[in-house]
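Reproduced below: upload_7.cif, with mmCIF, C-alpha atoms and all ligand atoms.
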```
data_model
loop_
_atom_site.label_atom_id
_atom_site.label_comp_id
_atom_site.auth_asym_id
_atom_site.auth_seq_id
_atom_site.Cartn_x
_atom_site.Cartn_y
_atom_site.Cartn_z
CA MET C 792 75.43 233.23 62.77
CA SER C 793 78.64 231.30 62.15
CA SER C 794 77.45 227.97 60.71
CA PRO C 795 74.19 227.48 58.81
CA LEU C 796 71.09 226.46 60.71
CA VAL C 797 69.59 223.36 59.18
CA ILE C 798 65.82 222.85 59.32
CA ALA C 799 64.24 219.61 58.11
CA HIS C 800 60.68 220.23 56.96
CA LEU C 801 58.34 217.30 56.37
CA SER C 802 54.61 217.25 55.87
CA ASP C 803 51.58 215.13 55.08
CA LEU C 804 52.94 211.78 56.23
CA HIS C 805 49.38 210.37 56.02
CA LEU C 806 49.90 207.16 57.95
CA GLY C 807 47.11 204.87 56.80
CA ALA C 808 47.74 205.99 53.20
CA HIS C 809 51.48 205.51 53.29
CA VAL C 810 54.15 203.64 51.37
CA PRO C 811 55.84 201.28 53.86
CA ALA C 812 59.29 201.51 52.24
CA SER C 813 59.16 205.32 52.39
CA VAL C 814 58.11 205.23 56.03
CA ALA C 815 60.90 202.78 56.87
CA ALA C 816 63.59 204.97 55.30
CA ILE C 817 62.53 208.53 56.08
CA ALA C 818 64.15 208.90 59.51
CA ASP C 819 67.60 207.84 58.30
CA GLU C 820 67.23 210.05 55.22
CA VAL C 821 66.42 213.12 57.32
CA GLY C 822 68.89 212.25 60.06
CA ALA C 823 71.77 212.20 57.56
CA PHE C 824 71.47 216.00 57.35
CA HIS C 825 71.79 216.48 61.13
CA PRO C 826 69.05 219.11 61.33
CA ASP C 827 69.03 221.63 64.16
CA LEU C 828 65.23 221.43 64.09
CA THR C 829 62.76 219.03 62.46
CA VAL C 830 59.36 220.51 61.58
CA VAL C 831 56.37 218.38 60.57
CA THR C 832 53.45 220.42 59.29
CA GLY C 833 50.46 218.18 59.80
CA ASP C 834 48.32 215.47 58.24
CA HIS C 835 50.22 212.79 60.10
CA THR C 836 47.30 210.40 59.62
CA MET C 837 44.79 209.64 56.89
CA ARG C 838 41.57 209.57 58.94
CA ALA C 839 42.65 210.30 62.52
CA ARG C 840 42.13 206.66 63.47
CA PRO C 841 43.83 205.47 66.67
CA ARG C 842 45.97 202.91 64.84
CA GLU C 843 47.10 205.59 62.38
CA PHE C 844 48.13 207.87 65.23
CA LEU C 845 50.11 204.99 66.73
CA GLN C 846 51.89 204.47 63.40
CA ALA C 847 52.50 208.21 63.11
CA VAL C 848 54.00 208.36 66.59
CA ASP C 849 56.34 205.57 65.60
CA VAL C 850 57.58 207.60 62.61
CA LEU C 851 57.74 210.93 64.44
CA ASP C 852 59.66 209.41 67.35
CA LYS C 853 62.42 208.33 64.99
CA LEU C 854 62.88 211.75 63.39
CA PRO C 855 65.73 213.92 64.70
CA VAL C 856 65.10 216.13 67.73
CA PRO C 857 64.21 218.80 68.57
CA ARG C 858 60.92 218.55 66.73
CA LEU C 859 58.12 221.01 66.15
CA VAL C 860 54.89 219.33 65.06
CA VAL C 861 51.45 220.75 64.21
CA PRO C 862 48.15 219.10 63.19
CA GLY C 863 46.47 219.12 59.78
CA ASN C 864 42.91 218.66 58.62
CA HIS C 865 43.33 214.86 58.38
CA ASP C 866 44.28 214.70 62.07
CA LEU C 867 40.72 215.53 63.15
CA PRO C 868 38.03 212.80 63.02
CA LEU C 869 35.93 213.44 59.93
CA VAL C 870 32.54 211.87 60.59
CA SER C 871 32.68 211.09 64.31
CA PRO C 872 30.85 213.11 67.01
CA LEU C 873 34.36 213.73 68.31
CA ARG C 874 34.72 216.19 65.43
CA VAL C 875 32.53 218.56 67.47
CA THR C 876 32.96 217.43 71.05
CA ALA C 877 36.72 216.85 71.20
CA PRO C 878 38.28 217.49 67.78
CA TYR C 879 41.90 217.56 69.00
CA ALA C 880 41.66 214.92 71.73
CA ARG C 881 43.26 212.14 69.72
CA TYR C 882 45.97 214.43 68.41
CA ARG C 883 46.80 215.66 71.90
CA ARG C 884 46.73 212.18 73.35
CA TRP C 885 49.17 210.66 70.89
CA ILE C 886 51.13 213.52 69.34
CA GLY C 887 51.08 216.34 71.90
CA GLU C 888 50.30 220.04 72.09
CA ASP C 889 48.77 221.44 68.92
CA ASN C 890 50.41 224.86 69.37
CA ALA C 891 54.08 224.81 70.37
CA VAL C 892 57.28 226.84 70.45
CA ALA C 893 60.87 225.80 69.70
CA ARG C 894 63.65 228.10 70.89
CA LEU C 895 67.21 227.28 69.83
CA PRO C 896 70.31 229.45 69.67
CA GLY C 897 69.68 231.70 66.67
CA LEU C 898 66.21 230.32 65.89
CA THR C 899 62.73 230.87 67.25
CA ALA C 900 59.90 228.82 65.76
CA LEU C 901 56.19 228.81 66.55
CA GLY C 902 53.88 226.04 65.42
CA ILE C 903 50.15 226.72 65.30
CA ASN C 904 47.09 224.56 64.83
CA SER C 905 45.38 226.00 61.75
CA MET C 906 42.54 223.44 61.50
CA PRO C 907 39.17 224.30 63.04
CA TRP C 908 36.58 221.55 63.42
CA TRP C 909 33.98 223.65 61.62
CA ARG C 910 35.71 223.89 58.26
CA TRP C 911 35.78 220.99 55.82
CA LYS C 912 39.51 221.04 55.15
CA SER C 913 40.66 224.65 54.84
CA GLY C 914 42.24 226.53 57.70
CA ARG C 915 42.00 229.48 60.05
CA VAL C 916 44.29 231.49 62.27
CA THR C 917 42.79 232.92 65.44
CA HIS C 918 43.31 236.24 67.14
CA ALA C 919 44.88 234.41 70.09
CA GLN C 920 47.36 232.71 67.75
CA THR C 921 48.47 235.94 66.10
CA THR C 922 48.83 237.51 69.55
CA THR C 923 51.03 234.57 70.55
CA LEU C 924 53.04 234.98 67.35
CA ARG C 925 53.78 238.62 68.18
CA GLN C 926 54.66 237.76 71.78
CA VAL C 927 56.92 234.82 70.99
CA MET C 928 58.81 236.65 68.26
CA GLY C 929 58.97 239.76 70.43
CA GLN C 930 61.03 237.73 72.89
CA ALA C 931 63.43 236.48 70.20
CA SER C 932 66.91 237.96 69.98
CA PRO C 933 67.26 240.54 67.20
CA ASP C 934 69.34 238.30 64.94
CA SER C 935 67.22 235.21 65.54
CA VAL C 936 65.72 233.43 62.53
CA ARG C 937 61.95 233.56 63.00
CA VAL C 938 59.84 230.68 61.71
CA LEU C 939 56.10 230.08 61.72
CA ALA C 940 54.88 226.54 61.02
CA LEU C 941 51.28 225.67 60.19
CA HIS C 942 49.54 223.08 58.02
CA HIS C 943 47.73 225.40 55.64
CA PRO C 944 49.56 227.56 53.09
CA PRO C 945 49.01 231.07 54.45
CA PHE C 946 48.23 232.87 51.20
CA ALA C 947 46.13 230.31 49.31
CA GLY C 948 43.14 231.75 47.46
CA GLY C 949 39.60 230.72 46.65
CA LEU C 950 37.98 228.13 48.91
CA ALA C 951 41.38 227.44 50.49
CA ARG C 952 41.68 231.01 51.74
CA LEU C 953 42.62 231.05 55.41
CA VAL C 954 40.06 232.52 57.78
CA GLY C 955 42.04 235.18 59.63
CA ARG C 956 44.45 235.75 56.77
CA SER C 957 44.51 239.54 57.16
CA ARG C 958 45.33 239.34 60.85
CA LEU C 959 48.00 236.77 60.10
CA THR C 960 49.52 239.00 57.41
CA ARG C 961 49.73 241.92 59.85
CA ALA C 962 51.23 239.72 62.56
CA LEU C 963 53.82 238.21 60.21
CA ARG C 964 55.07 241.72 59.46
CA ALA C 965 54.95 242.91 63.06
CA ALA C 966 56.70 239.76 64.29
CA ARG C 967 59.26 240.02 61.45
CA VAL C 968 58.84 236.38 60.52
CA ASP C 969 61.50 235.19 58.05
CA ILE C 970 60.10 231.85 56.97
CA VAL C 971 56.64 230.25 56.94
CA LEU C 972 56.59 226.46 56.67
CA ALA C 973 53.38 224.75 55.53
CA GLY C 974 52.10 221.67 53.73
CA HIS C 975 48.64 220.43 52.69
CA THR C 976 49.13 220.65 48.90
CA HIS C 977 51.45 217.61 48.54
CA VAL C 978 53.41 219.75 46.06
CA PRO C 979 56.64 221.40 47.25
CA SER C 980 57.15 225.07 46.46
CA VAL C 981 59.09 228.15 47.53
CA HIS C 982 58.07 231.74 47.07
CA GLN C 983 58.99 235.09 48.51
CA SER C 984 55.74 236.63 49.71
CA ARG C 985 55.14 240.33 49.26
CA HIS C 986 53.90 240.17 52.85
CA GLY C 987 57.44 239.55 54.06
CA PRO C 988 58.32 235.93 54.74
CA LEU C 989 59.67 233.25 52.47
CA VAL C 990 56.88 230.69 52.15
CA VAL C 991 58.09 227.10 51.91
CA ILE C 992 55.63 224.29 51.23
CA ALA C 993 56.77 220.71 51.74
CA GLY C 994 55.26 217.87 49.69
CA THR C 995 54.10 214.57 51.09
CA ALA C 996 57.02 212.64 52.53
CA THR C 997 55.55 209.15 52.83
CA SER C 998 52.05 209.01 51.31
CA TYR C 999 50.94 207.42 48.05
CA ARG C 1000 48.59 210.38 47.66
CA VAL C 1001 51.02 212.26 45.41
CA ARG C 1002 49.84 215.00 43.07
CA ASP C 1003 51.95 214.90 39.88
CA VAL C 1004 55.26 215.16 41.75
CA PRO C 1005 57.07 212.40 43.63
CA ARG C 1006 57.16 212.15 47.41
CA SER C 1007 59.50 214.72 48.89
CA TRP C 1008 60.65 216.59 51.94
CA THR C 1009 62.52 219.87 52.22
CA MET C 1010 65.78 220.80 53.87
CA LEU C 1011 66.54 224.47 54.61
CA ARG C 1012 70.00 225.88 55.27
CA VAL C 1013 69.75 229.32 56.80
CA THR C 1014 72.66 231.74 57.09
CA ALA C 1015 72.74 235.40 58.03
CA GLU C 1016 72.54 236.25 54.32
CA ALA C 1017 70.31 233.67 52.69
CA VAL C 1018 67.87 230.79 52.94
CA GLU C 1019 68.78 227.84 50.73
CA VAL C 1020 65.92 225.41 50.16
CA HIS C 1021 66.81 221.88 49.03
CA GLU C 1022 63.90 219.77 47.83
CA ARG C 1023 64.64 216.07 48.33
CA PHE C 1024 62.59 213.85 46.01
CA GLU C 1025 62.11 210.14 46.30
CA SER C 1026 63.63 208.38 43.27
CA GLU C 1027 62.32 204.95 44.25
CA PRO C 1028 60.64 203.88 47.48
CA GLY C 1029 63.05 204.68 50.29
CA ALA C 1030 65.74 206.49 48.21
CA TRP C 1031 65.89 210.26 47.85
CA HIS C 1032 67.92 212.74 45.83
CA THR C 1033 68.15 216.52 45.77
CA GLY C 1034 65.87 217.71 42.99
CA ARG C 1035 65.86 221.47 43.20
CA VAL C 1036 67.81 224.03 45.19
CA VAL C 1037 66.41 227.53 45.55
CA ARG C 1038 68.37 230.33 47.19
CA HIS C 1039 66.67 233.46 48.51
CA LEU C 1040 68.52 236.37 50.07
CA ARG C 1041 67.17 237.16 53.51
CA ARG C 1042 65.34 240.42 53.90
CA PRO C 1043 66.59 242.74 56.60
CA HIS C 1044 64.31 242.81 59.64
FE FE C 1101 45.92 218.81 54.56
#
```
Go through the file and emit its structure as structure tokens.
Ligand SMILES: [Fe+2]
Amino acid sequence: MSSPLVIAHLSDLHLGAHVPASVAAIADEVGAFHPDLTVVTGDHTMRARPREFLQAVDVLDKLPVPRLVVPGNHDLPLVSPLRVTAPYARYRRWIGEDNAVARLPGLTALGINSMPWWRWKSGRVTHAQTTTLRQVMGQASPDSVRVLALHHPPFAGGLARLVGRSRLTRALRAARVDIVLAGHTHVPSVHQSRHGPLVVIAGTATSYRVRDVPRSWTMLRVTAEAVEVHERFESEPGAWHTGRVVRHLRRPH
């Protein structure tokens, strides 16, 4: 890998509970870093209303391409019969496939839909998804950076524990995943998991639903040796600065 791969990671845009100035500025802010891939890990809307999806599409369309986008718990209707009969219909109509792959030179990324209709807000990973993870990463070149994107933090505990976590843990190892990108908490974090991958959580980029930390998004610079994570915090609506930079050496595959 000669030059660093740049991944822009945003999450929890929550259109319908957004700050207009943040929404208006986010595409230029992200675009300034010329990412090789833009990943958005779910909760694009507040209540999965049609008008919120339309607003979300407007924001997503302005973000740099290629993009890898997955749904979150807020992207399923909460109290509508659609929750049971067609939970992903609105997402698929306006946003697109809820499981997707991005293959670039030196990077293979899989996005998975971790939100089942039958849980309140916590996630699950299916057997079919972990099989896909192994297959997709099995086709990646040996030196490829391997990324999994999903809405729910993979190793959360308590009520937030992922259904299917053990099978996901095994698949992450077998697929030699380097980086897991997730959201949901609205609080950015980075930690090296004992299960293998670096786990990067992005905060909320554009929502007023902040939890003790300002709005933020995360920029990753990946080289053959290390992953550098830059957390970009909003100083005032529509203006961001780099708050924290964390550097992790990459583990050999
Ligand atoms: Fe969420």
Original post:
range 958-961 of chain C: which residues within 8 Å, counting only C-alpha atoms, same-chain residues fewer than 4 positions away excluded, as an NGL selection string?
Top reply: :C and (916 or 918 or 921 or 965 or 986)
Subject >> Shell of 6 Å around ligand FE 1101 (chain C) (all atoms listed in the file), written as number ranges by chain >> reply: C: 834, 863-864, 975
Could you pull the residues within 7 Å of Pro795 in chain C, counting only C-alpha atoms, minus those fewer than 3 positions along the same chain, as an mmCIF file with C-alpha atoms, keeping the file's coordinate frame?
```cif
data_model
loop_
_atom_site.group_PDB
_atom_site.id
_atom_site.type_symbol
_atom_site.label_atom_id
_atom_site.label_comp_id
_atom_site.auth_asym_id
_atom_site.auth_seq_id
_atom_site.Cartn_x
_atom_site.Cartn_y
_atom_site.Cartn_z
ATOM 1 C CA ARG C 1012 70.000 225.880 55.270
ATOM 2 C CA VAL C 1013 69.750 229.320 56.800
ATOM 3 C CA THR C 1014 72.660 231.740 57.090
#
```
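In this model, the gap between CA of Lys853 in chain C and CA of Val978 in chain C comes to 23.9 Å.
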Please tabulate, as a tab-separated table, the residues of range 987-1036 of chain C that come within 9 Å of range 934-944 of chain C, each with its closest pair of atoms and the distance in Å to one decimal, counting all atoms listed in the file and ordering rows by chain, then residue number upward.
```
residue	atom	partner	partner_atom	distance
C:Pro988	CA	C:Val938	CA	8.9
C:Val990	CA	C:Pro944	CA	8.0
C:Val991	CA	C:Pro944	CA	8.6
C:Ile992	CA	C:Pro944	CA	7.1
C:Val1013	CA	C:Val936	CA	8.1
C:Thr1014	CA	C:Val936	CA	9.0
C:Ala1015	CA	C:Asp934	CA	8.2
```
**OP:** Might you pull out every residue within 12 Å of Arg910 in chain C, with all atoms listed in the file counted and same-chain residues fewer than 3 positions away left off, and present them as a PyMOL selection string?
**Re:** chain C and resi 863-865+867+869+874-875+878+905-907+913-915+950-954
Original post:
So, counting all atoms listed in the file, which residue among C:Ala966, C:Arg840, C:Leu804, C:Ile903 is closest to Val1001 in chain C?
Top reply: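 For Val1001 in chain C, the nearest of the given residues is C:Leu804.
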Subject >> Pick from C:Ile817, C:Leu845, C:Val892, C:Ala993, whichever lies nearest to Gln920 in chain C using all atoms listed in the file >> reply: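 Smallest distance to Gln920 in chain C is found for C:Val892.
Counting from CA of His809 in chain C, the distance to CA of Leu989 in chain C is 28.9 Å.
Closest approach to Asp852 in chain C among C:Asp969, C:Trp885, C:Thr836, C:Pro826 is made by C:Trp885 (distances from only C-alpha atoms).
CA of Pro979 in chain C is found 19.0 Å from CA of Leu859 in chain C.
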Original post:
Which of these, C:Leu895, C:Ala962, C:Ala808, C:Val830, has the shortest distance to Thr917 in chain C once you count all atoms listed in the file?
Top reply: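 The closest residue to Thr917 in chain C is C:Ala962.
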**OP:** Compare C:Pro1043, C:Asn904, C:Asp866, C:Val860 by their minimum atom-to-atom distance to Pro933 in chain C, counting only C-alpha atoms, and give me the closest one.
**Re:**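 Looking at the shortest contact to Pro933 in chain C, the residue is C:Pro1043.
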**OP:** Find the spatial neighbours of Glu820 in chain C, counting only C-alpha atoms, within a cut-off of 12 Å - ignore same-chain residues fewer than 4 positions away - and output them as a VMD selection string.
**Re:** chain C and resid 799 801 813 to 816 824 to 826 853 to 855 996 to 997 1007 to 1010 1023 to 1025 1028 to 1033
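Between Pro841 in chain C and the candidates C:Arg883, C:Glu888, C:Thr995, C:Gly929, the tightest atom-to-atom separation, counting all atoms listed in the file, involves C:Arg883.
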Could you work out an axis-aligned box for range 856-859 of chain C, taking every atom the file lists and adding 4 Å on each side, and report centre and edge lengths in Å to one decimal, as lines of an AutoDock Vina configuration file?
```
center_x = 61.6
center_y = 218.6
center_z = 67.4
size_x = 15.0
size_y = 12.9
size_z = 10.4
```
Could you add N, CA and C atoms to range 936-961 of chain C and give me the result as a compact mmCIF listing (two decimals), in the frame of the given file?
```txt
# COMPACT_ATOMS: atom_id res chain seq x y z
N VAL C 936 66.55 233.80 63.67
CA VAL C 936 65.72 233.43 62.53
C VAL C 936 64.33 233.11 63.08
N ARG C 937 63.31 233.71 62.47
CA ARG C 937 61.95 233.56 63.00
C ARG C 937 61.12 232.72 62.03
N VAL C 938 60.55 231.66 62.55
CA VAL C 938 59.84 230.68 61.71
C VAL C 938 58.43 230.47 62.25
N LEU C 939 57.46 230.48 61.36
CA LEU C 939 56.10 230.08 61.72
C LEU C 939 55.78 228.80 60.96
N ALA C 940 55.27 227.80 61.65
CA ALA C 940 54.88 226.54 61.02
C ALA C 940 53.38 226.33 61.21
N LEU C 941 52.71 226.00 60.12
CA LEU C 941 51.28 225.67 60.19
C LEU C 941 50.97 224.74 59.01
N HIS C 942 49.85 224.04 59.08
CA HIS C 942 49.54 223.08 58.02
C HIS C 942 49.14 223.77 56.72
N HIS C 943 48.33 224.81 56.83
CA HIS C 943 47.73 225.40 55.64
C HIS C 943 48.60 226.50 55.03
N PRO C 944 48.82 226.46 53.72
CA PRO C 944 49.56 227.56 53.09
C PRO C 944 48.88 228.89 53.42
N PRO C 945 49.64 229.87 53.89
CA PRO C 945 49.01 231.07 54.45
C PRO C 945 48.33 231.96 53.42
N PHE C 946 48.77 231.91 52.17
CA PHE C 946 48.23 232.87 51.20
C PHE C 946 47.47 232.19 50.06
N ALA C 947 46.95 231.00 50.32
CA ALA C 947 46.13 230.31 49.31
C ALA C 947 44.87 231.12 49.04
N GLY C 948 44.34 230.99 47.82
CA GLY C 948 43.14 231.75 47.46
C GLY C 948 41.92 230.86 47.34
N GLY C 949 40.83 231.46 46.89
CA GLY C 949 39.60 230.72 46.65
C GLY C 949 39.06 230.08 47.92
N LEU C 950 38.56 228.84 47.77
CA LEU C 950 37.98 228.13 48.91
C LEU C 950 39.02 227.78 49.96
N ALA C 951 40.30 227.79 49.55
CA ALA C 951 41.38 227.44 50.49
C ALA C 951 41.86 228.65 51.28
N ARG C 952 41.23 229.81 51.05
CA ARG C 952 41.68 231.01 51.74
C ARG C 952 41.55 230.82 53.26
N LEU C 953 42.62 231.17 53.95
CA LEU C 953 42.62 231.05 55.41
C LEU C 953 41.63 232.04 56.02
N VAL C 954 40.83 231.59 56.95
CA VAL C 954 40.06 232.52 57.78
C VAL C 954 41.07 233.17 58.74
N GLY C 955 41.07 234.48 58.79
CA GLY C 955 42.04 235.18 59.63
C GLY C 955 43.30 235.56 58.88
N ARG C 956 43.24 235.48 57.56
CA ARG C 956 44.45 235.75 56.77
C ARG C 956 44.96 237.18 56.95
N SER C 957 44.06 238.15 57.03
CA SER C 957 44.51 239.54 57.16
C SER C 957 45.22 239.75 58.49
N ARG C 958 44.65 239.16 59.55
CA ARG C 958 45.33 239.34 60.85
C ARG C 958 46.65 238.60 60.87
N LEU C 959 46.72 237.49 60.17
CA LEU C 959 48.00 236.77 60.10
C LEU C 959 49.02 237.60 59.32
N THR C 960 48.61 238.19 58.23
CA THR C 960 49.52 239.00 57.41
C THR C 960 50.11 240.14 58.23
N ARG C 961 49.25 240.82 58.99
CA ARG C 961 49.73 241.92 59.85
C ARG C 961 50.69 241.40 60.91
```
